[in-house]
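So this block is work.txt, compact mmCIF, C-alpha atoms and all ligand atoms:
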# COMPACT_ATOMS: atom_id res chain seq x y z
CA MET A 1 134.34 89.90 15.45
CA GLU A 2 133.19 86.84 17.33
CA ILE A 3 132.81 86.93 21.13
CA ILE A 4 132.28 83.63 22.89
CA ILE A 5 131.39 83.64 26.59
CA LYS A 6 131.02 80.10 27.80
CA LYS A 7 132.36 77.78 30.48
CA GLY A 8 134.77 75.29 28.92
CA SER A 9 135.00 77.22 25.64
CA ILE A 10 138.82 77.23 25.73
CA LYS A 11 138.53 73.63 24.51
CA LYS A 12 136.87 74.88 21.32
CA LEU A 13 139.83 77.00 20.25
CA LYS A 14 140.92 74.63 17.49
CA SER A 15 137.69 74.96 15.52
CA ILE A 16 137.82 78.78 15.72
CA VAL A 17 141.45 78.85 14.57
CA ASP A 18 140.81 76.31 11.80
CA GLU A 19 138.06 78.54 10.45
CA LEU A 20 140.44 81.49 10.29
CA SER A 21 143.07 79.26 8.67
CA PRO A 22 146.14 81.34 9.55
CA TYR A 23 149.53 80.84 7.90
CA LYS A 24 151.15 80.66 11.37
CA THR A 25 150.08 81.21 14.97
CA ALA A 26 151.95 82.74 17.90
CA VAL A 27 150.61 82.82 21.46
CA ILE A 28 151.73 85.85 23.45
CA THR A 29 151.47 85.14 27.15
CA ASN A 30 153.34 85.56 30.42
CA THR A 31 155.29 83.30 32.76
CA THR A 32 152.29 82.77 35.06
CA LEU A 33 149.88 81.74 32.31
CA GLU A 34 152.59 79.63 30.71
CA LYS A 35 152.38 77.30 33.72
CA LEU A 36 148.61 77.35 34.09
CA TRP A 37 146.83 77.57 30.75
CA LEU A 38 149.25 77.55 27.80
CA ASP A 39 149.15 73.74 27.47
CA LYS A 40 145.37 73.84 26.92
CA ILE A 41 146.14 75.79 23.76
CA LEU A 42 149.24 73.98 22.55
CA ASP A 43 147.38 70.67 22.98
CA GLN A 44 144.93 71.82 20.31
CA ILE A 45 146.86 73.91 17.81
CA ASN A 46 150.33 74.36 16.39
CA ALA A 47 151.62 77.65 17.75
CA VAL A 48 154.84 79.37 18.74
CA PRO A 49 154.70 80.59 22.37
CA ILE A 50 156.15 84.03 23.09
CA VAL A 51 156.47 84.28 26.85
CA ILE A 52 156.94 87.60 28.62
CA PRO A 53 157.68 88.26 32.29
CA ASP A 54 154.61 88.96 34.40
CA GLY A 55 153.83 92.58 35.32
CA GLU A 56 152.39 95.90 34.18
CA GLU A 57 155.97 97.22 33.76
CA PHE A 58 156.33 94.88 30.76
CA LYS A 59 153.43 96.57 28.95
CA SER A 60 156.06 98.64 27.20
CA LEU A 61 157.53 99.55 23.83
CA GLU A 62 160.62 97.52 24.71
CA THR A 63 158.52 94.37 25.07
CA ALA A 64 156.63 95.15 21.87
CA GLN A 65 159.97 95.45 20.09
CA GLN A 66 161.05 92.03 21.39
CA ILE A 67 157.78 90.56 20.11
CA TRP A 68 158.20 92.17 16.64
CA LYS A 69 161.74 90.72 16.45
CA LYS A 70 160.51 87.26 17.34
CA LEU A 71 157.72 87.49 14.74
CA ILE A 72 160.29 88.27 12.05
CA GLU A 73 162.43 85.36 13.23
CA ILE A 74 159.54 82.94 12.77
CA SER A 75 158.56 84.40 9.36
CA PHE A 76 155.26 85.78 10.55
CA THR A 77 153.01 87.41 7.95
CA ARG A 78 149.85 89.49 7.88
CA ARG A 79 147.91 86.27 7.33
CA SER A 80 149.29 84.85 10.59
CA LEU A 81 147.47 84.87 13.92
CA ILE A 82 148.52 86.35 17.25
CA ILE A 83 146.65 84.99 20.25
CA GLY A 84 146.90 87.05 23.44
CA LEU A 85 146.48 84.80 26.48
CA GLY A 86 146.27 86.38 29.92
CA GLY A 87 145.02 89.41 31.79
CA GLY A 88 144.65 92.93 30.45
CA VAL A 89 148.41 93.44 30.26
CA MET A 90 148.74 90.51 27.82
CA THR A 91 145.61 91.37 25.81
CA ASP A 92 146.64 95.06 25.46
CA LEU A 93 150.19 94.11 24.51
CA ALA A 94 149.35 91.25 22.13
CA ALA A 95 146.71 93.39 20.42
CA PHE A 96 149.19 96.27 20.11
CA ALA A 97 151.78 93.93 18.56
CA ALA A 98 149.16 92.48 16.18
CA SER A 99 147.91 95.88 15.08
CA THR A 100 151.37 97.26 14.36
CA PHE A 101 153.23 94.28 12.89
CA MET A 102 153.15 94.66 9.10
CA ARG A 103 150.19 97.03 9.69
CA GLY A 104 148.07 94.27 11.14
CA THR A 105 147.90 90.50 11.58
CA TYR A 106 144.96 88.31 12.59
CA LEU A 107 144.23 88.63 16.31
CA GLY A 108 142.47 86.44 18.85
CA LEU A 109 142.18 87.17 22.58
CA ILE A 110 141.74 84.73 25.45
CA PRO A 111 141.34 86.92 28.55
CA THR A 112 141.92 85.07 31.81
CA THR A 113 141.27 87.70 34.50
CA LEU A 114 137.86 89.05 35.45
CA LEU A 115 139.06 92.51 34.50
CA ALA A 116 140.16 91.45 31.02
CA GLN A 117 137.01 89.38 30.44
CA VAL A 118 134.63 92.23 31.23
CA ASP A 119 136.71 95.06 29.83
CA ALA A 120 140.30 94.90 28.49
CA ALA A 121 139.73 92.27 25.78
CA ILE A 122 136.58 93.99 24.53
CA GLY A 123 136.39 97.00 22.29
CA GLY A 124 139.64 97.19 20.36
CA LYS A 125 141.79 99.53 22.48
CA THR A 126 145.40 98.33 22.43
CA GLY A 127 148.38 99.98 24.06
CA VAL A 128 151.58 100.23 26.02
CA ASN A 129 152.60 102.60 28.78
CA PHE A 130 155.03 105.37 27.83
CA GLU A 131 155.54 108.33 30.20
CA GLY A 132 151.91 107.70 31.25
CA LYS A 133 149.21 105.03 30.98
CA ASN A 134 148.52 103.70 27.48
CA ILE A 135 150.05 106.75 25.84
CA ILE A 136 151.07 104.73 22.77
CA GLY A 137 148.34 102.58 21.24
CA THR A 138 145.90 101.85 18.47
CA PHE A 139 142.28 100.88 17.90
CA TYR A 140 142.23 97.38 16.45
CA LEU A 141 139.43 94.83 16.70
CA PRO A 142 140.29 91.16 17.20
CA ASN A 143 138.91 88.42 14.93
CA PHE A 144 137.71 86.61 18.03
CA VAL A 145 137.53 86.88 21.82
CA LEU A 146 137.18 83.64 23.72
CA ILE A 147 136.01 84.11 27.30
CA ASP A 148 136.06 80.97 29.39
CA PRO A 149 135.00 81.71 33.00
CA GLU A 150 136.70 78.43 34.00
CA THR A 151 140.04 80.19 33.64
CA LEU A 152 139.09 82.35 36.66
CA LYS A 153 139.43 79.26 38.87
CA THR A 154 143.20 79.73 39.06
CA LEU A 155 143.01 83.50 39.54
CA PRO A 156 144.08 84.74 43.00
CA GLU A 157 141.29 86.35 45.03
CA VAL A 158 143.04 89.75 44.98
CA GLU A 159 142.76 89.75 41.17
CA ILE A 160 139.04 88.96 41.36
CA VAL A 161 138.59 91.96 43.66
CA ASN A 162 140.72 94.03 41.26
CA GLY A 163 138.39 93.04 38.39
CA PHE A 164 135.44 94.36 40.37
CA GLY A 165 136.94 97.86 40.00
CA GLU A 166 135.77 97.83 36.37
CA VAL A 167 132.58 95.86 37.15
CA VAL A 168 131.54 98.58 39.64
CA LYS A 169 132.29 101.15 36.89
CA TYR A 170 129.69 99.37 34.71
CA GLY A 171 127.32 99.40 37.69
CA ILE A 172 127.47 103.19 37.78
CA LEU A 173 127.13 103.49 33.99
CA ASP A 174 124.23 101.05 33.71
CA SER A 175 121.29 100.59 36.08
CA ARG A 176 120.79 96.89 35.13
CA VAL A 177 124.35 96.08 36.17
CA TYR A 178 123.83 98.22 39.29
CA LYS A 179 120.80 96.12 40.30
CA LYS A 180 122.74 92.91 39.66
CA LEU A 181 125.56 94.12 41.87
CA LYS A 182 123.20 95.11 44.67
CA SER A 183 121.98 91.49 44.83
CA PHE A 184 125.32 89.92 43.81
CA ARG A 185 126.03 86.34 44.90
CA LYS A 186 128.69 84.93 42.58
CA ILE A 187 130.48 85.60 39.32
CA ASP A 188 128.68 83.85 36.50
CA GLU A 189 128.51 83.99 32.71
CA GLU A 190 125.54 86.33 32.94
CA LEU A 191 127.41 88.99 34.94
CA ILE A 192 130.31 88.86 32.47
CA ARG A 193 127.89 89.03 29.51
CA GLU A 194 126.00 92.02 31.00
CA CYS A 195 129.25 93.97 31.39
CA VAL A 196 130.50 92.99 27.93
CA ASN A 197 127.17 94.07 26.42
CA VAL A 198 127.30 97.49 28.10
CA LYS A 199 130.75 98.01 26.59
CA LEU A 200 129.82 96.64 23.16
CA ARG A 201 126.78 98.91 22.85
CA ILE A 202 129.00 101.94 23.47
CA VAL A 203 131.91 100.79 21.28
CA GLU A 204 129.62 99.91 18.36
CA GLU A 205 128.47 103.53 18.37
CA ASP A 206 131.91 105.10 18.78
CA LEU A 207 134.92 102.81 18.27
CA ARG A 208 137.51 105.58 18.06
CA GLU A 209 136.37 107.45 21.19
CA SER A 210 135.32 110.67 19.53
CA GLY A 211 132.28 111.04 21.78
CA LYS A 212 130.18 108.54 23.70
CA ARG A 213 133.01 106.04 24.31
CA ARG A 214 134.68 108.54 26.62
CA ILE A 215 132.23 107.50 29.35
CA LEU A 216 134.05 104.14 29.62
CA ASN A 217 136.82 106.20 31.16
CA LEU A 218 134.70 106.83 34.27
CA GLY A 219 137.08 106.61 37.25
CA HIS A 220 140.16 106.69 35.04
CA THR A 221 141.15 110.38 35.28
CA ALA A 222 142.26 109.95 38.88
CA GLY A 223 142.72 106.18 38.42
CA HIS A 224 145.45 106.48 35.80
CA ALA A 225 147.16 109.17 37.90
CA VAL A 226 147.23 106.82 40.92
CA GLU A 227 148.70 104.01 38.78
CA LYS A 228 151.41 106.29 37.46
CA ALA A 229 152.22 107.86 40.86
CA SER A 230 152.57 104.37 42.37
CA ASN A 231 154.89 103.35 39.55
CA TYR A 232 152.20 100.79 38.60
CA ARG A 233 152.28 99.07 41.99
CA VAL A 234 148.60 99.89 42.50
CA LYS A 235 146.62 97.52 40.25
CA HIS A 236 144.46 98.98 37.53
CA GLY A 237 141.12 97.89 39.04
CA PHE A 238 142.05 99.24 42.48
CA ALA A 239 143.20 102.51 40.94
CA VAL A 240 139.91 102.74 39.02
CA ALA A 241 138.04 102.16 42.30
CA ILE A 242 139.88 105.10 43.88
CA GLY A 243 139.12 107.09 40.73
CA LEU A 244 135.42 106.17 40.94
CA MET A 245 135.35 107.49 44.51
CA ALA A 246 137.04 110.71 43.36
CA SER A 247 134.53 111.15 40.51
CA ALA A 248 131.62 110.51 42.87
CA LEU A 249 132.88 113.07 45.41
CA ILE A 250 133.55 115.66 42.69
CA ALA A 251 130.09 114.99 41.25
CA GLU A 252 128.58 115.51 44.71
CA LYS A 253 130.11 119.00 44.80
CA VAL A 254 129.28 119.83 41.18
CA ASN A 255 125.82 118.35 40.61
CA GLY A 256 124.61 116.99 43.96
CA PHE A 257 125.13 113.28 43.11
CA ASP A 258 124.81 110.95 46.11
CA SER A 259 128.38 109.64 46.44
CA GLY A 260 127.16 107.12 49.05
CA LYS A 261 125.86 104.94 46.19
CA VAL A 262 129.40 104.47 44.86
CA GLU A 263 130.92 104.12 48.31
CA GLU A 264 128.43 101.37 49.15
CA LEU A 265 129.41 99.32 46.06
CA LEU A 266 133.13 99.83 46.67
CA ASP A 267 132.68 98.60 50.24
CA LYS A 268 130.59 95.65 49.14
CA PHE A 269 133.40 94.41 46.88
CA SER A 270 136.24 95.31 49.31
CA LEU A 271 137.67 97.91 46.94
CA PRO A 272 139.83 100.85 48.09
CA LYS A 273 138.38 104.36 48.43
CA ARG A 274 141.46 106.23 49.56
CA HIS A 275 144.98 106.88 48.28
CA SER A 276 148.34 107.73 49.84
CA PHE A 277 149.83 110.11 47.25
CA GLU A 278 150.53 113.82 47.12
CA PRO A 279 147.38 115.41 45.63
CA LYS A 280 149.54 117.82 43.59
CA GLU A 281 151.48 114.89 42.09
CA LEU A 282 148.23 113.23 41.05
CA LEU A 283 147.06 116.52 39.54
CA GLU A 284 150.19 116.76 37.38
CA ALA A 285 149.75 113.16 36.17
CA MET A 286 146.14 113.96 35.24
CA LYS A 287 147.31 116.74 32.97
CA ILE A 288 148.87 114.29 30.52
CA ASP A 289 145.80 112.07 30.56
CA LYS A 290 144.27 111.61 27.09
CA LYS A 291 141.10 113.35 28.22
CA ALA A 292 142.92 116.46 29.46
CA TRP A 293 142.22 119.40 27.21
CA TYR A 294 145.20 121.75 26.92
CA GLY A 295 146.21 120.87 30.48
CA ARG A 296 142.70 121.35 31.86
CA LEU A 297 141.13 118.55 33.90
CA VAL A 298 138.30 116.54 32.39
CA PHE A 299 136.21 114.10 34.42
CA ILE A 300 133.38 111.71 33.71
CA LEU A 301 130.89 112.53 36.47
CA PRO A 302 127.86 110.52 37.56
CA GLU A 303 124.59 112.48 37.77
CA GLU A 304 122.60 109.44 38.83
CA ILE A 305 123.06 105.67 38.43
CA GLY A 306 122.93 105.03 34.68
CA LYS A 307 123.69 108.63 33.70
CA VAL A 308 127.06 110.40 33.46
CA THR A 309 128.32 113.65 31.95
CA ILE A 310 131.78 114.63 30.73
CA ARG A 311 133.02 117.94 32.00
CA GLU A 312 135.97 120.08 32.85
CA VAL A 313 136.45 120.48 36.60
CA GLU A 314 138.22 123.34 38.36
CA GLU A 315 141.61 122.43 39.81
CA LYS A 316 140.65 123.60 43.31
CA ILE A 317 137.67 121.21 43.46
CA VAL A 318 139.83 118.27 42.35
CA LEU A 319 142.53 119.16 44.88
CA ALA A 320 140.03 119.43 47.73
CA VAL A 321 138.62 115.98 46.92
CA LEU A 322 142.08 114.39 46.57
CA GLU A 323 143.10 115.93 49.93
CA ALA A 324 139.97 114.58 51.58
CA MET A 325 140.67 111.10 50.16
CA LYS A 326 144.28 110.98 51.30
CA ASN A 327 145.07 108.06 53.55
CA ASP A 328 147.46 108.29 56.45
CA SER A 329 148.04 104.55 56.53
CA ARG A 330 150.55 102.82 54.28
CA ASP A 331 148.22 100.31 52.63
CA ASN A 332 148.18 101.80 49.13
N1 LIG B 1 142.13 97.84 26.40
C1 LIG B 1 141.21 98.14 27.30
O1 LIG B 1 140.10 98.54 26.96
C2 LIG B 1 141.51 97.98 28.76
C3 LIG B 1 140.46 98.03 29.69
C4 LIG B 1 140.76 97.85 31.03
C5 LIG B 1 142.06 97.62 31.45
N2 LIG B 1 143.06 97.57 30.51
C6 LIG B 1 144.44 97.29 30.94
O2 LIG B 1 144.47 96.00 31.53
C7 LIG B 1 145.58 95.93 32.44
C8 LIG B 1 145.15 95.30 33.73
O3 LIG B 1 144.69 93.98 33.46
P1 LIG B 1 144.58 92.87 34.62
O4 LIG B 1 143.96 93.46 35.80
O5 LIG B 1 143.99 91.68 34.00
O6 LIG B 1 146.10 92.66 35.04
P2 LIG B 1 147.22 91.59 34.56
O7 LIG B 1 147.14 91.32 33.14
O8 LIG B 1 148.50 92.09 35.12
O9 LIG B 1 146.80 90.27 35.34
C9 LIG B 1 146.81 90.27 36.75
C10 LIG B 1 147.62 89.09 37.31
O10 LIG B 1 146.86 87.91 37.18
C11 LIG B 1 147.65 86.88 36.56
N3 LIG B 1 146.72 86.02 35.87
C12 LIG B 1 146.01 86.28 34.75
N4 LIG B 1 145.14 85.31 34.50
C13 LIG B 1 145.31 84.38 35.45
C14 LIG B 1 144.68 83.15 35.74
N5 LIG B 1 143.64 82.71 35.05
N6 LIG B 1 145.12 82.44 36.80
C15 LIG B 1 146.13 82.90 37.59
N7 LIG B 1 146.74 84.08 37.37
C16 LIG B 1 146.33 84.81 36.33
C17 LIG B 1 148.60 87.65 35.69
O11 LIG B 1 149.72 86.88 35.35
C18 LIG B 1 148.93 88.83 36.60
O12 LIG B 1 149.89 88.46 37.54
C19 LIG B 1 146.08 97.34 32.61
O13 LIG B 1 147.25 97.52 31.89
C20 LIG B 1 144.95 98.18 32.01
O14 LIG B 1 145.43 99.41 31.52
C21 LIG B 1 142.81 97.74 29.19
O1 LIG B 2 137.57 100.85 26.39
C1 LIG B 2 137.58 102.01 26.80
O2 LIG B 2 137.27 102.95 26.08
C2 LIG B 2 137.97 102.31 28.18
O3 LIG B 2 138.17 103.46 28.52
C3 LIG B 2 138.12 101.16 29.12
C4 LIG B 2 139.07 101.41 30.27
O4 LIG B 2 138.65 100.57 31.32
C5 LIG B 2 140.51 101.03 29.95
O5 LIG B 2 141.29 101.11 31.12
C6 LIG B 2 141.17 101.78 28.83
O6 LIG B 2 142.40 101.19 28.48
C7 LIG B 2 141.45 103.20 29.13
O7 LIG B 2 141.85 103.80 27.94
P1 LIG B 2 142.75 105.08 27.88
O8 LIG B 2 142.80 105.38 26.43
O9 LIG B 2 142.08 106.12 28.66
O10 LIG B 2 144.08 104.73 28.42
ZN ZN B 3 140.15 100.53 32.84
Whole structure, structure tokens version:
Amino acid sequence: MEIIIKKGSIKKLKSIVDELSPYKTAVITNTTLEKLWLDKILDQINAVPIVIPDGEEFKSLETAQQIWKKLIEISFTRRSLIIGLGGGVMTDLAAFAASTFMRGTYLGLIPTTLLAQVDAAIGGKTGVNFEGKNIIGTFYLPNFVLIDPETLKTLPEVEIVNGFGEVVKYGILDSRVYKKLKSFRKIDEELIRECVNVKLRIVEEDLRESGKRRILNLGHTAGHAVEKASNYRVKHGFAVAIGLMASALIAEKVNGFDSGKVEELLDKFSLPKRHSFEPKELLEAMKIDKKAWYGRLVFILPEEIGKVTIREVEEKIVLAVLEAMKNDSRDN
């Protein structure tokens, strides 16, 4: 798997594709990226665009089915290439389609949000939502990931902030990233590379999430519940931020962690720390989370910056924290 992180690298796509020499190429993207970045690809290579409406609600089995149908229509084979162009929704969906169609086609990802560049396009998790977040999915590594920070120039500010939800997660998992965030000035290749490297080191050890990889789910126990309860109106990175606050507060009760360290980073990057949902509803959503063990609640908890543990947490502790984090305003 080749990962390129370089300004302007989108212009080098042709040489990467030529090397792979696919029978056919399809670009899976959405209506927003179609207007902004698709031409940069079609100018270089011969490819069939498959354009999906924009939104997390289209990360679904129904959309995957439409993609599979289209691939049959254009006589796609296992030796053909799917390129996923867009944010995490497109990279998760394109990778899912590639991994399942004829048991696997070539796959290349061009992530265009901060969140997808530091996280979603890295590490081979693919998926669609079904009853809960990413309930149907596979592990499937792409042939290449092309990260061009230039693509972030068209990204709305709110999506940059959203991406920092996962960047702050890396800051809690890794003290080097934490230090970088404390003195943060601007997004550059180095910040993206640091985050990607943290993830790669973990995924290389445990691709299929049988152990260590579970720590990448820091903030996601409550985060996924918030996404589901909001019917996916709360963006993934914002939901993770709320989940990071929940983990930090639970950790404070369980192991004495200083939750102020997480709060400080969330504030610095204008990320949310509160939610507006019924704590009991969130609790129920958490019970079908992939980490839940026979309905019991499992959290990744920080012990200190750079060190986390995975543990079951009593329902009453989780409820107390979710109650304390409940917002009275309507901004969630
Ligand atoms: N597979 C993984 O390991 C992994 C990791 C983290 C998150 N995810 C998934 O990623 C998804 C969230 O990804 P996201 O935050 O990128 O959301 P997204 O894909 O919905 O993108 C956010 C918005 O930005 C737009 N956009 C994308 N690139 C743009 C650009 N360059 N210029 C202008 N607009 C642009 C999109 O069209 C969309 O409206 C969730 O479904 C989450 O579950 C997966
Ligand atoms: O790559 C991983 O492993 C992660 O957990 C990264 C998360 O940021 C990402 O949201 C992932 O999709 C969550 O996976 P899930 O299997 O818990 O849905
Ligand atoms: Zn995530």
Top pick for closest residue to A:Leu322, considering A:Ala246, A:Leu265, A:Ala285, A:Val48 and counting only C-alpha atoms: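 Comparing A:Ala246, A:Leu265, A:Ala285, A:Val48 against A:Leu322, the winner is A:Ala246.
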What are the nearest atom pairs, with distances in Å to one decimal, for all residues of chain A that come at most 10 Å from ligand ZN 3 (chain B), using only C-alpha atoms and all ligand atoms, set out by chain and rising residue number as JSON lines?
{"residue": "A:Gly88", "atom": "CA", "partner": "B:ZN3", "partner_atom": "ZN", "distance": 9.1}
{"residue": "A:Leu115", "atom": "CA", "partner": "B:ZN3", "partner_atom": "ZN", "distance": 8.3}
{"residue": "A:Ala116", "atom": "CA", "partner": "B:ZN3", "partner_atom": "ZN", "distance": 9.3}
{"residue": "A:Asp119", "atom": "CA", "partner": "B:ZN3", "partner_atom": "ZN", "distance": 7.1}
{"residue": "A:Ala120", "atom": "CA", "partner": "B:ZN3", "partner_atom": "ZN", "distance": 7.1}
{"residue": "A:Gly163", "atom": "CA", "partner": "B:ZN3", "partner_atom": "ZN", "distance": 9.5}
{"residue": "A:Gly165", "atom": "CA", "partner": "B:ZN3", "partner_atom": "ZN", "distance": 8.3}
{"residue": "A:Glu166", "atom": "CA", "partner": "B:ZN3", "partner_atom": "ZN", "distance": 6.2}
{"residue": "A:Val167", "atom": "CA", "partner": "B:ZN3", "partner_atom": "ZN", "distance": 9.9}
{"residue": "A:Lys169", "atom": "CA", "partner": "B:ZN3", "partner_atom": "ZN", "distance": 8.9}
{"residue": "A:Leu216", "atom": "CA", "partner": "B:ZN3", "partner_atom": "ZN", "distance": 7.8}
{"residue": "A:Asn217", "atom": "CA", "partner": "B:ZN3", "partner_atom": "ZN", "distance": 6.8}
{"residue": "A:Leu218", "atom": "CA", "partner": "B:ZN3", "partner_atom": "ZN", "distance": 8.5}
{"residue": "A:Gly219", "atom": "CA", "partner": "B:ZN3", "partner_atom": "ZN", "distance": 8.1}
{"residue": "A:His220", "atom": "CA", "partner": "B:ZN3", "partner_atom": "ZN", "distance": 6.5}
{"residue": "A:Gly223", "atom": "CA", "partner": "B:ZN3", "partner_atom": "ZN", "distance": 8.3}
{"residue": "A:His224", "atom": "CA", "partner": "B:ZN3", "partner_atom": "ZN", "distance": 8.5}
{"residue": "A:His236", "atom": "CA", "partner": "B:ZN3", "partner_atom": "ZN", "distance": 6.6}
{"residue": "A:Gly237", "atom": "CA", "partner": "B:ZN3", "partner_atom": "ZN", "distance": 6.8}
{"residue": "A:Phe238", "atom": "CA", "partner": "B:ZN3", "partner_atom": "ZN", "distance": 9.9}
{"residue": "A:Ala239", "atom": "CA", "partner": "B:ZN3", "partner_atom": "ZN", "distance": 8.9}
{"residue": "A:Val240", "atom": "CA", "partner": "B:ZN3", "partner_atom": "ZN", "distance": 6.6}
{"residue": "A:Ala241", "atom": "CA", "partner": "B:ZN3", "partner_atom": "ZN", "distance": 9.8}
So what do you get for atom CA of A:Glu34 versus atom CA of A:Lys70, distance-wise? 17.3 Å
Near-ligand residues for ligand LIG 2 (chain B), threshold 6 Å, only C-alpha atoms and all ligand atoms, as a list in words: Gly123, Lys125, Lys133, Asn134, Arg213, Leu216 and Asn217 of chain A
Write a file of the just-selected residues containing C-alpha atoms, as a PDB file, in the frame of the given file.
ATOM      1  CA  GLY A 123     136.390  97.000  22.290  1.00  0.00           C
ATOM      2  CA  LYS A 125     141.790  99.530  22.480  1.00  0.00           C
ATOM      3  CA  LYS A 133     149.210 105.030  30.980  1.00  0.00           C
ATOM      4  CA  ASN A 134     148.520 103.700  27.480  1.00  0.00           C
ATOM      5  CA  ARG A 213     133.010 106.040  24.310  1.00  0.00           C
ATOM      6  CA  LEU A 216     134.050 104.140  29.620  1.00  0.00           C
ATOM      7  CA  ASN A 217     136.820 106.200  31.160  1.00  0.00           C
TER       8      ASN A 217
END
What lies within 12 Å of stretch 75-82 of chain A using only C-alpha atoms, ignoring chain neighbours under 5 positions off, as a PyMOL selection string? chain A and resi 16-29+45-50+67-70+90-91+93-110+142-145
Please write out, as JSON, where the centre of an axis-aligned box around all listed atoms of ligand LIG 1 (chain B) lies and how long its edges are, in Å to one decimal, after adding 5 Å on each side.
{"center_x": 145.0, "center_y": 90.9, "center_z": 32.0, "size_x": 19.8, "size_y": 27.0, "size_z": 21.2}
Rounded to one decimal in Å, what is the spacing between atom CA of A:Leu173 and atom CA of A:Leu249? 16.0 Å
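Distance annotation: of A:Glu189, A:Glu73, A:Glu209, A:Glu194, the residue with the minimal separation from ligand LIG 1 (chain B) is A:Glu209; atom set is all atoms listed in the file.
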Find the distance between atom CA of A:Ala324 and atom CA of A:Lys290 and write it in Å to one decimal. 25.0 Å
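Counting all atoms listed in the file, A:Val177 has the following residues at most 10 Å away, ignoring those fewer than 4 positions along the same chain: Val167, Val168, Lys169, Tyr170, Gly171, Ile172, Leu173, Leu181, Lys182, Phe184, Leu191, Glu194, Cys195, Val198, Ile305 and Gly306 of chain A.
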Include C-alpha atoms and write out the residues we just selected as a compact mmCIF listing (two decimals), keeping the file's coordinate frame.
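See result-v1.txt below for the written result:
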# COMPACT_ATOMS: atom_id res chain seq x y z
CA VAL A 167 132.58 95.86 37.15
CA VAL A 168 131.54 98.58 39.64
CA LYS A 169 132.29 101.15 36.89
CA TYR A 170 129.69 99.37 34.71
CA GLY A 171 127.32 99.40 37.69
CA ILE A 172 127.47 103.19 37.78
CA LEU A 173 127.13 103.49 33.99
CA LEU A 181 125.56 94.12 41.87
CA LYS A 182 123.20 95.11 44.67
CA PHE A 184 125.32 89.92 43.81
CA LEU A 191 127.41 88.99 34.94
CA GLU A 194 126.00 92.02 31.00
CA CYS A 195 129.25 93.97 31.39
CA VAL A 198 127.30 97.49 28.10
CA ILE A 305 123.06 105.67 38.43
CA GLY A 306 122.93 105.03 34.68
When you count all atoms listed in the file, which of these residues is closest to A:Ala121: A:Lys199, A:Lys180, A:Lys316, A:Lys273?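 Checking each of A:Lys199, A:Lys180, A:Lys316, A:Lys273 against A:Ala121, counting all atoms listed in the file, the winner is A:Lys199.
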Residue nearest ligand LIG 1 (chain B) among A:Leu283, A:Ile187, A:Met245, A:Leu114 (counting all atoms listed in the file): A:Leu114
Rank A:Leu152, A:Ser15, A:Ile136, A:Ile74 by their smallest atom-to-atom distance to ligand LIG 1 (chain B), using only C-alpha atoms and all ligand atoms, and report the top residue only.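 Counting only C-alpha atoms and all ligand atoms, the residue closest to ligand LIG 1 (chain B) is A:Leu152.
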Which residue out of A:Ile72, A:Met1, A:Ala64, A:Val318 has the minimum interatomic distance to A:Glu204 when only C-alpha atoms are used?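 Distance minimum relative to A:Glu204 lands on A:Met1.
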Quick one: residues within 12 Å of A:Arg208, only C-alpha atoms, excluding same-chain residues fewer than 5 positions away - as an NGL selection string? :A and (123-126 or 137-141 or 202-203 or 213-214)
A:Pro53 environment, 9 Å, only C-alpha atoms, sequence neighbours closer than 4 positions dropped, as a list in words: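 So, after excluding close chain neighbours, the residues are Thr29, Asn30, Thr31, Thr32 and Phe58 of chain A.
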Selection export as an mmCIF file, keeping the file's coordinate frame, atoms kept: C-alpha atoms:
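again-v8.cif, written as the output of this step:
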data_model
loop_
_atom_site.group_PDB
_atom_site.id
_atom_site.type_symbol
_atom_site.label_atom_id
_atom_site.label_comp_id
_atom_site.auth_asym_id
_atom_site.auth_seq_id
_atom_site.Cartn_x
_atom_site.Cartn_y
_atom_site.Cartn_z
ATOM 1 C CA THR A 29 151.470 85.140 27.150
ATOM 2 C CA ASN A 30 153.340 85.560 30.420
ATOM 3 C CA THR A 31 155.290 83.300 32.760
ATOM 4 C CA THR A 32 152.290 82.770 35.060
ATOM 5 C CA PHE A 58 156.330 94.880 30.760
#
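Near stretch 291-293 of chain A, within a cut-off of 10 Å and counting all atoms listed in the file, sit the residues A:Arg214, A:Asn217, A:His220, A:Thr221, A:Met286, A:Val298, A:Phe299, A:Ile300, A:Ile310, A:Glu312, with same-chain residues fewer than 5 positions away left out.
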